[in-house]
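> So here's entry.txt, just compact mmCIF, C-alpha atoms and all ligand atoms:
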```
# COMPACT_ATOMS: atom_id res chain seq x y z
CA MET L 1 104.17 113.46 85.51
CA THR L 2 103.61 112.37 81.97
CA SER L 3 100.66 110.10 81.29
CA SER L 4 101.79 106.45 81.46
CA ASN L 5 100.57 103.33 79.71
CA PHE L 6 99.50 102.04 83.10
CA GLU L 7 96.99 104.87 83.26
CA LYS L 8 95.64 104.24 79.79
CA GLU L 9 95.56 100.46 79.61
CA ASN L 10 95.22 99.47 83.21
CA MET L 11 92.89 102.25 84.24
CA PRO L 12 90.82 100.95 87.14
CA GLU L 13 87.13 101.61 87.45
CA PRO L 14 86.53 104.98 89.17
CA GLU L 15 84.99 103.08 92.10
CA GLN L 16 88.16 101.05 92.52
CA THR L 17 90.29 104.22 92.68
CA LYS L 18 87.86 105.71 95.20
CA GLU L 19 88.15 102.52 97.27
CA ILE L 20 91.97 102.85 97.32
CA PHE L 21 91.61 106.54 98.26
CA ASN L 22 89.36 105.73 101.24
CA ARG L 23 91.53 102.79 102.24
CA LYS L 24 94.54 105.14 102.51
CA GLU L 25 92.94 107.08 105.31
CA GLU L 26 91.70 103.97 107.08
CA HIS L 27 95.20 102.43 106.94
CA LEU L 28 96.57 105.49 108.73
CA LYS L 29 93.87 105.67 111.39
CA ILE L 30 93.50 102.00 112.30
CA PRO L 31 97.05 101.46 113.71
CA ILE L 32 96.61 104.63 115.78
CA GLU L 33 93.19 103.69 117.15
CA TYR L 34 93.57 99.92 117.60
CA ASP L 35 96.26 97.43 118.58
CA VAL L 36 97.26 95.89 115.24
CA GLN L 37 100.73 94.79 116.30
CA HIS L 38 101.82 91.15 116.20
CA SER L 39 101.50 89.66 119.68
CA ILE L 40 105.11 88.36 119.87
CA ASN L 41 108.19 90.49 119.29
CA TYR L 42 111.19 88.21 118.75
CA PHE L 43 113.74 90.98 119.34
CA ASP L 44 113.15 90.29 123.05
CA ASP L 45 114.93 86.95 122.53
CA ILE L 46 118.19 88.65 121.51
CA LYS L 47 120.53 89.73 124.32
CA LEU L 48 123.47 91.91 123.35
CA ASN L 49 126.82 91.23 124.99
CA HIS L 50 127.46 93.84 127.71
CA HIS L 51 131.05 95.09 128.07
CA ALA L 52 131.55 96.34 131.65
CA ILE L 53 134.52 98.62 130.93
CA PRO L 54 133.64 100.66 127.81
CA GLU L 55 136.81 102.40 126.68
CA VAL L 56 135.50 103.97 123.48
CA ASP L 57 134.36 107.60 123.60
CA LEU L 58 130.54 107.71 123.47
CA GLU L 59 130.51 110.92 121.44
CA GLU L 60 133.08 109.62 118.95
CA ILE L 61 131.06 106.56 117.94
CA ASP L 62 130.45 106.73 114.21
CA LEU L 63 126.89 105.91 113.10
CA THR L 64 127.23 107.11 109.51
CA PHE L 65 126.27 104.72 106.74
CA ASN L 66 126.48 104.88 102.95
CA PHE L 67 123.11 104.11 101.40
CA PHE L 68 124.22 103.49 97.82
CA ASP L 69 125.85 106.82 96.86
CA LYS L 70 124.50 108.97 99.72
CA GLN L 71 125.87 109.13 103.24
CA ILE L 72 123.26 109.19 106.01
CA SER L 73 123.86 110.18 109.64
CA ALA L 74 122.63 106.86 111.09
CA PRO L 75 121.26 103.59 109.69
CA ILE L 76 117.62 104.57 110.12
CA CYS L 77 114.85 104.41 107.54
CA ILE L 78 111.36 105.85 107.77
CA SER L 79 109.55 102.89 106.20
CA ALA L 80 106.83 103.14 103.57
CA ILE L 81 103.63 104.42 105.12
CA THR L 82 101.51 106.53 102.86
CA GLY L 83 100.62 108.69 99.87
CA GLY L 84 97.52 109.38 97.80
CA HIS L 85 95.29 111.26 100.23
CA PRO L 86 95.26 114.82 101.64
CA VAL L 87 96.08 113.41 105.10
CA SER L 88 98.92 111.41 103.51
CA LYS L 89 100.32 114.62 102.10
CA GLU L 90 100.47 116.16 105.57
CA ILE L 91 102.06 113.03 107.05
CA ASN L 92 104.58 112.72 104.22
CA LYS L 93 105.51 116.38 104.57
CA ILE L 94 106.19 116.00 108.31
CA LEU L 95 108.17 112.79 107.86
CA ALA L 96 110.21 114.12 104.95
CA GLN L 97 111.03 117.40 106.71
CA ALA L 98 112.20 115.52 109.80
CA ALA L 99 114.18 113.00 107.73
CA GLU L 100 115.88 115.84 105.86
CA GLU L 101 116.75 117.66 109.07
CA GLU L 102 118.21 114.49 110.60
CA ASN L 103 119.70 113.12 107.35
CA ILE L 104 118.10 109.67 107.39
CA ILE L 105 116.20 107.70 104.72
CA MET L 106 112.58 108.54 103.84
CA SER L 107 110.22 106.14 102.07
CA VAL L 108 106.84 106.84 100.54
CA GLY L 109 103.90 104.45 100.53
CA SER L 110 102.61 102.69 97.43
CA GLN L 111 102.62 105.02 94.43
CA ARG L 112 99.98 103.03 92.59
CA ILE L 113 97.33 105.65 93.30
CA GLY L 114 99.69 108.33 91.97
CA LEU L 115 99.77 106.47 88.64
CA GLU L 116 96.00 106.04 88.56
CA ASP L 117 94.79 109.38 89.87
CA PRO L 118 96.91 112.45 89.01
CA SER L 119 94.99 114.54 91.56
CA THR L 120 96.87 112.65 94.31
CA LEU L 121 100.36 113.37 92.95
CA ASP L 122 100.99 116.27 95.32
CA SER L 123 100.93 113.87 98.29
CA PHE L 124 104.08 112.26 96.82
CA ASN L 125 105.71 115.32 95.18
CA ILE L 126 105.77 117.08 98.55
CA VAL L 127 108.45 114.68 99.78
CA ARG L 128 111.12 115.90 97.37
CA GLU L 129 109.99 119.49 97.76
CA VAL L 130 110.85 119.46 101.46
CA ALA L 131 113.63 116.86 101.36
CA PRO L 132 115.92 117.75 98.47
CA THR L 133 119.08 115.94 99.62
CA ILE L 134 118.33 112.74 101.59
CA PRO L 135 117.80 109.29 100.07
CA VAL L 136 114.13 108.80 99.18
CA ILE L 137 112.76 105.34 98.42
CA GLY L 138 109.76 104.95 96.10
CA ASN L 139 107.24 102.14 96.35
CA LEU L 140 105.18 99.96 94.05
CA GLY L 141 103.51 96.60 94.68
CA LEU L 142 104.05 93.04 93.57
CA GLY L 143 100.54 93.17 92.12
CA GLN L 144 101.28 96.18 89.90
CA VAL L 145 104.61 94.82 88.68
CA SER L 146 102.89 91.51 87.89
CA SER L 147 100.16 93.12 85.80
CA PRO L 148 100.19 92.13 82.11
CA TYR L 149 99.83 95.84 81.37
CA PHE L 150 102.78 96.91 83.50
CA LYS L 151 105.34 98.98 81.59
CA GLN L 152 108.75 100.48 82.24
CA GLU L 153 107.11 103.91 81.89
CA ASP L 154 105.06 103.21 85.02
CA LEU L 155 108.16 102.58 87.06
CA ASN L 156 109.85 105.62 85.53
CA ALA L 157 106.81 107.74 86.43
CA CYS L 158 107.11 106.59 90.07
CA ILE L 159 110.82 107.44 90.09
CA ASP L 160 110.15 110.89 88.62
CA MET L 161 107.30 111.57 91.07
CA ILE L 162 109.77 111.84 93.96
CA ASN L 163 113.12 111.82 92.17
CA ALA L 164 113.68 108.48 93.90
CA ASP L 165 117.14 107.27 94.89
CA ALA L 166 115.85 103.68 95.01
CA MET L 167 112.54 101.91 94.34
CA ALA L 168 111.05 99.31 96.65
CA ILE L 169 108.77 96.65 95.19
CA HIS L 170 106.57 95.59 98.08
CA LEU L 171 105.72 91.91 98.49
CA ASN L 172 102.35 91.90 100.24
CA ALA L 173 100.74 88.58 99.33
CA LEU L 174 99.15 88.09 102.75
CA HIS L 175 97.66 91.57 102.73
CA GLU L 176 96.15 91.08 99.28
CA LEU L 177 94.85 87.64 100.26
CA VAL L 178 92.89 88.87 103.27
CA GLN L 179 91.65 91.99 101.50
CA TYR L 180 88.29 91.93 99.76
CA LYS L 181 89.02 91.43 96.05
CA GLY L 182 92.77 91.74 96.65
CA ASN L 183 95.20 91.21 93.77
CA ILE L 184 96.63 87.70 94.09
CA SER L 185 97.88 87.05 90.59
CA TYR L 186 101.68 87.15 90.39
CA SER L 187 102.58 84.68 87.65
CA ASN L 188 104.01 87.45 85.43
CA PHE L 189 106.17 88.88 88.16
CA ARG L 190 109.53 87.35 87.32
CA ARG L 191 109.20 88.05 83.61
CA ASN L 192 108.09 91.66 84.14
CA PHE L 193 110.72 92.24 86.77
CA LYS L 194 113.54 91.05 84.51
CA LYS L 195 112.47 93.63 81.94
CA ILE L 196 112.47 96.52 84.39
CA ARG L 197 115.70 95.33 85.95
CA ASP L 198 117.48 95.71 82.64
CA ASN L 199 116.11 99.19 82.06
CA THR L 200 116.27 100.79 85.51
CA LYS L 201 119.35 102.67 86.61
CA ILE L 202 118.53 103.23 90.28
CA PRO L 203 118.69 100.43 92.89
CA LEU L 204 115.67 98.16 93.28
CA ILE L 205 114.77 96.77 96.69
CA ALA L 206 112.47 93.83 97.44
CA LYS L 207 110.38 94.69 100.48
CA GLU L 208 108.08 92.46 102.51
CA VAL L 209 105.51 94.28 104.62
CA GLY L 210 105.27 92.18 107.79
CA SER L 211 105.34 88.48 106.86
CA GLY L 212 109.10 88.13 106.39
CA ILE L 213 111.37 86.36 103.92
CA ASN L 214 112.54 82.75 103.87
CA GLN L 215 115.87 81.64 102.47
CA ASP L 216 114.43 80.40 99.16
CA VAL L 217 112.74 83.72 98.47
CA ALA L 218 115.90 85.56 99.51
CA SER L 219 117.80 83.54 96.87
CA ILE L 220 115.16 84.26 94.21
CA ILE L 221 115.32 88.00 95.00
CA ASP L 222 119.11 87.92 94.82
CA GLU L 223 119.17 86.00 91.54
CA LEU L 224 116.53 88.22 89.93
CA GLY L 225 118.96 91.11 90.32
CA PHE L 226 117.42 93.17 93.11
CA ASP L 227 120.00 95.42 94.77
CA GLY L 228 118.73 95.00 98.29
CA PHE L 229 116.12 93.68 100.71
CA ASP L 230 113.74 95.11 103.25
CA VAL L 231 112.97 91.97 105.24
CA GLY L 232 109.61 93.26 106.56
CA GLY L 233 109.27 90.46 109.08
CA ALA L 234 106.59 89.49 111.59
CA GLY L 235 106.71 91.12 115.00
CA GLY L 236 105.37 94.62 114.36
CA THR L 237 102.41 95.95 112.42
CA SER L 238 100.20 93.12 111.14
CA PHE L 239 98.42 94.01 107.91
CA ALA L 240 96.01 91.17 108.51
CA ALA L 241 95.10 92.82 111.82
CA ILE L 242 94.56 96.14 110.00
CA GLU L 243 92.28 94.44 107.46
CA SER L 244 90.46 92.68 110.27
CA LYS L 245 89.44 96.10 111.62
CA ARG L 246 88.23 97.14 108.17
CA ASN L 247 86.07 94.05 108.38
CA ASN L 248 85.34 93.53 104.71
CA PHE L 249 85.80 90.02 103.46
CA ASP L 250 84.14 87.67 101.05
CA ASN L 251 81.31 86.01 102.98
CA ASP L 252 80.80 83.57 100.14
CA LYS L 253 84.27 82.13 100.61
CA TYR L 254 84.78 82.37 104.36
CA SER L 255 82.60 81.75 107.38
CA ARG L 256 85.13 83.65 109.50
CA ASN L 257 87.32 86.59 108.66
CA PRO L 258 90.64 85.37 107.15
CA ALA L 259 92.25 88.57 108.42
CA ASP L 260 91.64 87.32 111.99
CA VAL L 261 92.81 83.80 111.23
CA PHE L 262 96.06 85.00 109.59
CA ARG L 263 96.72 87.80 112.09
CA GLU L 264 99.98 86.27 113.41
CA TRP L 265 101.18 84.71 110.13
CA GLY L 266 104.77 85.23 109.09
CA ILE L 267 108.49 84.76 109.63
CA PRO L 268 109.87 86.87 112.50
CA THR L 269 112.05 89.83 111.54
CA PRO L 270 115.27 88.49 113.17
CA VAL L 271 114.81 85.14 111.40
CA SER L 272 114.20 86.93 108.10
CA ILE L 273 117.46 88.87 108.53
CA VAL L 274 119.38 85.62 109.04
CA ASN L 275 117.61 84.03 106.03
CA VAL L 276 118.58 86.95 103.82
CA ARG L 277 122.17 86.88 104.98
CA LYS L 278 122.45 83.16 104.20
CA ALA L 279 121.42 83.91 100.62
CA SER L 280 122.98 87.28 99.84
CA GLN L 281 125.40 89.95 101.02
CA LYS L 282 123.41 92.79 99.43
CA LEU L 283 121.95 95.69 101.40
CA ALA L 284 119.41 94.59 104.01
CA ILE L 285 116.95 96.84 105.81
CA ALA L 286 115.37 95.28 108.91
CA THR L 287 111.75 96.32 109.34
CA GLY L 288 108.91 94.78 111.34
CA GLY L 289 108.57 95.36 115.05
CA LEU L 290 111.67 97.44 115.73
CA LYS L 291 110.89 99.70 118.68
CA THR L 292 114.17 101.20 119.87
CA GLY L 293 117.75 101.91 118.88
CA ILE L 294 118.70 98.68 120.69
CA ASP L 295 116.56 96.83 118.12
CA ILE L 296 118.60 98.47 115.34
CA ALA L 297 121.76 97.19 117.04
CA LYS L 298 120.22 93.70 117.35
CA SER L 299 119.32 93.75 113.66
CA ILE L 300 122.83 94.75 112.67
CA VAL L 301 124.40 92.06 114.86
CA LEU L 302 122.37 89.52 112.85
CA GLY L 303 123.62 91.00 109.57
CA ALA L 304 121.24 93.82 108.62
CA ASP L 305 122.55 97.22 107.55
CA ILE L 306 119.69 99.55 108.47
CA GLY L 307 116.70 99.58 110.83
CA GLY L 308 113.30 100.58 109.38
CA PHE L 309 110.31 101.89 111.34
CA ALA L 310 106.75 102.44 110.16
CA TYR L 311 104.46 102.29 113.21
CA LYS L 312 106.78 104.46 115.37
CA PHE L 313 106.90 107.20 112.77
CA LEU L 314 103.21 106.95 111.97
CA LYS L 315 102.55 107.65 115.65
CA SER L 316 105.02 110.54 115.93
CA SER L 317 103.84 112.19 112.71
CA TRP L 318 100.18 111.76 113.66
CA GLN L 319 100.92 113.67 116.86
CA ASP L 320 102.95 116.24 114.91
CA ARG L 321 100.00 116.79 112.58
CA LYS L 322 97.77 117.55 115.58
CA ASP L 323 100.38 119.86 117.15
CA ASN L 324 101.34 121.53 113.85
CA THR L 325 105.02 120.73 114.34
CA ILE L 326 107.67 118.17 113.39
CA ALA L 327 109.13 118.09 116.90
CA ASN L 328 107.79 114.66 117.89
CA THR L 329 109.28 112.98 114.83
CA ILE L 330 112.61 114.77 115.25
CA ARG L 331 112.68 113.68 118.91
CA GLU L 332 111.95 110.09 117.92
CA ILE L 333 114.79 110.05 115.37
CA ARG L 334 117.26 111.56 117.86
CA THR L 335 116.18 109.07 120.51
CA LEU L 336 116.79 106.15 118.14
CA LYS L 337 120.25 107.52 117.30
CA ASN L 338 121.13 107.98 120.99
CA GLU L 339 119.91 104.50 121.88
CA LEU L 340 121.91 102.96 119.04
CA ARG L 341 125.03 104.93 119.98
CA SER L 342 124.60 103.92 123.66
CA SER L 343 124.23 100.25 122.64
CA LEU L 344 127.53 100.38 120.77
CA TRP L 345 129.20 102.12 123.71
CA LEU L 346 127.97 99.46 126.15
CA MET L 347 129.48 96.86 123.83
CA ASN L 348 132.73 98.87 123.50
CA LEU L 349 132.37 99.26 119.73
CA ASN L 350 133.51 102.24 117.67
CA ASN L 351 131.31 101.90 114.63
CA LEU L 352 128.67 99.87 112.83
CA SER L 353 131.08 97.61 110.97
CA GLU L 354 132.40 96.34 114.34
CA LEU L 355 128.82 95.25 115.09
CA LYS L 356 127.64 93.93 111.74
CA ASN L 357 127.10 90.18 111.46
CA ARG L 358 128.95 89.51 114.74
CA ARG L 359 126.75 86.74 116.13
CA GLU L 360 129.25 86.15 118.96
CA LYS L 361 128.22 89.57 120.30
CA CYS L 362 124.73 88.36 121.18
CA VAL L 363 122.97 85.48 122.87
CA ILE L 364 119.76 84.15 121.38
CA ILE L 365 117.25 82.55 123.68
CA GLY L 366 113.67 81.31 123.75
CA ASP L 367 111.50 80.79 120.69
CA LEU L 368 113.92 82.71 118.47
CA TYR L 369 116.61 80.14 119.28
CA LEU L 370 114.19 77.40 118.19
CA TRP L 371 113.34 79.25 114.97
CA LEU L 372 117.01 79.69 114.08
CA ASN L 373 118.04 76.14 114.92
CA GLN L 374 115.19 74.33 113.18
CA LYS L 375 116.64 71.69 110.83
C1 LIG L 401 99.73 102.65 107.89
C2 LIG L 401 100.74 101.81 107.18
C3 LIG L 401 100.79 101.84 105.79
C4 LIG L 401 101.75 101.11 105.10
N1 LIG L 401 101.81 101.19 103.74
C5 LIG L 401 102.81 100.56 103.07
C6 LIG L 401 102.97 100.72 101.67
O1 LIG L 401 102.22 101.43 101.01
N2 LIG L 401 103.99 100.06 101.06
C7 LIG L 401 104.85 99.26 101.76
O2 LIG L 401 105.79 98.71 101.18
N3 LIG L 401 104.70 99.07 103.09
C8 LIG L 401 103.73 99.70 103.76
N4 LIG L 401 103.61 99.54 105.11
C9 LIG L 401 104.46 98.56 105.79
C10 LIG L 401 105.64 99.20 106.51
O3 LIG L 401 106.50 99.87 105.62
C11 LIG L 401 106.44 98.17 107.33
O4 LIG L 401 107.04 97.23 106.46
C12 LIG L 401 105.57 97.40 108.32
O5 LIG L 401 104.59 98.23 108.89
C13 LIG L 401 106.41 96.82 109.47
O6 LIG L 401 107.05 97.85 110.20
P1 LIG L 401 106.54 98.34 111.66
O7 LIG L 401 106.41 97.12 112.50
O8 LIG L 401 107.59 99.30 112.12
O9 LIG L 401 105.21 99.02 111.47
C14 LIG L 401 102.68 100.30 105.83
C15 LIG L 401 102.60 100.27 107.23
C16 LIG L 401 101.67 101.02 107.90
C17 LIG L 401 101.65 100.98 109.41
```
Kindly return the structure encoded in the file as structure tokens.


Amino acid sequence: MTSSNFEKENMPEPEQTKEIFNRKEEHLKIPIEYDVQHSINYFDDIKLNHHAIPEVDLEEIDLTFNFFDKQISAPICISAITGGHPVSKEINKILAQAAEEENIIMSVGSQRIGLEDPSTLDSFNIVREVAPTIPVIGNLGLGQVSSPYFKQEDLNACIDMINADAMAIHLNALHELVQYKGNISYSNFRRNFKKIRDNTKIPLIAKEVGSGINQDVASIIDELGFDGFDVGGAGGTSFAAIESKRNNFDNDKYSRNPADVFREWGIPTPVSIVNVRKASQKLAIATGGLKTGIDIAKSIVLGADIGGFAYKFLKSSWQDRKDNTIANTIREIRTLKNELRSSLWLMNLNNLSELKNRREKCVIIGDLYLWLNQK
């Protein structure tokens, strides 16, 4: 990677880079060792419409999907998890190898540390080394794009790092808020984004990380010229819960840990999908609390195109790392595909377009019904 202006002008203090480096490992370990999932999963409130006489051929059901100009075998995305640490390199290698073998989408975690500390670049480069053909999504944060020092070269460096097919800009305001000395200054975002939009050839995706997207934000994202959404709704991994376990907060400002108080904050994933679809018809990845292939089907019925999974693949790759294999991750991907295919079969559908945005093919109950019918 060539040296970017971000490195020169926005060079963090060495201690700050070290803090990010240590945080990377903690972020991987905490979801494995503790329960940091949202307590309510709203996918349980969606019931798909069972068809008692399936006449379609189970094996003939077509799960293929075109992610921009690449065809993938099923609408499954390994969501952004990591990069920037030796353990991240091992995890990224396992995930990318499995994604390549199964022809699904692979995402890397925030590449900020790759811009700041060249010694961490191999943890990102490895992805393209082992996954030459599949779509790979890069990742940079709202905070970095909002920096007054942010330059097109920084984005280009992230793209080059992994030869990215698309770049996700993650919207993680809650996470930054509950983090000690988090970056909460985004007033330059729209202006900076417009500049990179005009000068970036690959698709740009706006990605929440677990607090979801309301209709107003979906409209802003659409109007700014993003090419797609990752709704990153509430229901799965809670970044506030992760930060709560790291237990570092500003005692001067808070008498109790804001990461505990905001643990359940956010718009549920199914609601976020509906919000996005009201504002835009662009690509939508549903992430946040998806557990099975049925949840992918439920997401698509509400209008999403792809199901994204972080926690599931963190768990499978963590096990793979221990066992020195990629078998657990491969098994997880195949299970998701089989569950999705079986869901379509039980609804007597031939392909994903017969499922997409077909609200009449599901019944919504409980709290999710209240969320969706709030005036
Ligand atoms: C350990 C861990 C690290 C993550 N790091 C990033 C990141 O760097 N960038 C990002 O956009 N999202 C990141 N995420 C958020 C996920 O991509 C995803 O949006 C969120 O975890 C919800 O999905 P889940 O419920 O399947 O875990 C991370 C998630 C986990 C569990």

> Box for segment 49-64 of chain L - axis-aligned, 8 Å on each of the six sides, all listed atoms - centre and size in Å to one decimal, as lines of an AutoDock Vina configuration file.


```
center_x = 131.8
center_y = 101.1
center_z = 120.6
size_x = 26.0
size_y = 35.7
size_z = 38.1
```

> Closest to Phe68 of chain L among L:Val217, L:Ala327, L:Val136, L:Val145, using all atoms listed in the file?

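Looking only at the distances to Phe68 of chain L, the closest residue turns out to be L:Val136.
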
> Go through chain L and flag each residue having an atom no more than 6 Å from ligand LIG 401 (chain L); for those, report the closest pair of atoms plus their distance in Å to one decimal, using only C-alpha atoms and all ligand atoms, ordered by chain and rising number, as a tab-separated table.


```
residue	atom	partner	partner_atom	distance
L:His27	CA	L:LIG401	C1	4.6
L:Leu28	CA	L:LIG401	C1	4.3
L:Ser79	CA	L:LIG401	O3	4.3
L:Ala80	CA	L:LIG401	O3	3.9
L:Ile81	CA	L:LIG401	C4	3.8
L:Thr82	CA	L:LIG401	N1	5.4
L:Gly109	CA	L:LIG401	O1	3.5
L:Ser110	CA	L:LIG401	O1	3.8
L:His170	CA	L:LIG401	O2	4.5
L:Val209	CA	L:LIG401	O4	3.8
L:Gly210	CA	L:LIG401	C13	5.1
L:Gly232	CA	L:LIG401	O4	4.7
L:Gly236	CA	L:LIG401	O7	3.3
L:Thr237	CA	L:LIG401	O7	4.2
L:Thr287	CA	L:LIG401	O6	5.0
L:Gly288	CA	L:LIG401	O7	3.6
L:Gly289	CA	L:LIG401	O7	3.8
L:Leu290	CA	L:LIG401	O8	5.8
L:Phe309	CA	L:LIG401	O8	3.8
L:Ala310	CA	L:LIG401	O8	3.8
L:Tyr311	CA	L:LIG401	O9	3.8
```

> Can you write just those residues out, C-alpha atoms, as a compact mmCIF listing (two decimals), in the frame of the given file?


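Now in again_12.txt:
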```
# COMPACT_ATOMS: atom_id res chain seq x y z
CA HIS L 27 95.20 102.43 106.94
CA LEU L 28 96.57 105.49 108.73
CA SER L 79 109.55 102.89 106.20
CA ALA L 80 106.83 103.14 103.57
CA ILE L 81 103.63 104.42 105.12
CA THR L 82 101.51 106.53 102.86
CA GLY L 109 103.90 104.45 100.53
CA SER L 110 102.61 102.69 97.43
CA HIS L 170 106.57 95.59 98.08
CA VAL L 209 105.51 94.28 104.62
CA GLY L 210 105.27 92.18 107.79
CA GLY L 232 109.61 93.26 106.56
CA GLY L 236 105.37 94.62 114.36
CA THR L 237 102.41 95.95 112.42
CA THR L 287 111.75 96.32 109.34
CA GLY L 288 108.91 94.78 111.34
CA GLY L 289 108.57 95.36 115.05
CA LEU L 290 111.67 97.44 115.73
CA PHE L 309 110.31 101.89 111.34
CA ALA L 310 106.75 102.44 110.16
CA TYR L 311 104.46 102.29 113.21
```

> Identify which of the residues L:Ser107, L:Ser211, L:Asn183, L:Thr292 lies closest to Ala166 of chain L, counting all atoms listed in the file when measuring atom-to-atom distances.

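Selected residue with least distance to Ala166 of chain L: L:Ser107.
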
> Measure the distance from atom CA of Ile137 of chain L to atom CA of Ser317 of chain L in Å and round it to one decimal.

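Result for atom CA of Ile137 of chain L versus atom CA of Ser317 of chain L: 18.2 Å, one decimal.
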
> Of the candidates L:Arg321, L:Lys282, L:His175, L:Arg128, which shows the shortest atom-to-atom distance to Leu142 of chain L, using all atoms listed in the file?

L:His175

> Which residues come within 6 Å of Val127 of chain L, counting all atoms listed in the file, excluding same-chain residues fewer than 3 positions away, as a list in words?

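Neighbouring residues, sequence-local ones excluded: Lys93, Ala96, Phe124, Val130 and Ala131 of chain L.
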
> Leaving out Thr269 of chain L and any residue of its chain fewer than 5 positions from it, which residues lie within 12 Å of it when counting all atoms listed in the file, given as a ChimeraX atom specification?

/L:38,40-46,208-214,230-237,274-276,284-290,295-296,298-300,302-304,307-308,368,371-372

> Measuring atom to atom with only C-alpha atoms, identify which of L:Asp305, L:Glu90, L:Asp216, L:Glu101 is nearest to Ser123 of chain L.

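Nearest to Ser123 of chain L: L:Glu90.
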
> Give me the residues near Asn328 of chain L as an mmCIF file with C-alpha atoms, in the coordinates of the input, where near means some atom within 8 Å (using only C-alpha atoms) and where sequence neighbours in that chain fewer than 6 positions away do not count.


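Final file, part19.cif:
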```cif
data_model
loop_
_atom_site.group_PDB
_atom_site.id
_atom_site.type_symbol
_atom_site.label_atom_id
_atom_site.label_comp_id
_atom_site.auth_asym_id
_atom_site.auth_seq_id
_atom_site.Cartn_x
_atom_site.Cartn_y
_atom_site.Cartn_z
ATOM 1 C CA SER L 316 105.020 110.540 115.930
ATOM 2 C CA SER L 317 103.840 112.190 112.710
ATOM 3 C CA GLN L 319 100.920 113.670 116.860
ATOM 4 C CA ASP L 320 102.950 116.240 114.910
#
```

> How many Å lie between atom CA of Gly83 of chain L and atom CA of Tyr180 of chain L, rounded to one decimal?

20.8 Å

> Report the distance between atom CA of Glu223 of chain L and atom CA of Thr200 of chain L in Å, rounded to one decimal place.

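Going from atom CA of Glu223 of chain L over to atom CA of Thr200 of chain L covers 16.2 Å.
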
> Any idea what's packed within 8 Å of Ile105 of chain L, counting only C-alpha atoms, ignoring anything in its chain fewer than 2 positions away? Could you give it as a PyMOL selection string?

chain L and resi 72+76-78+99+103+107+134-137
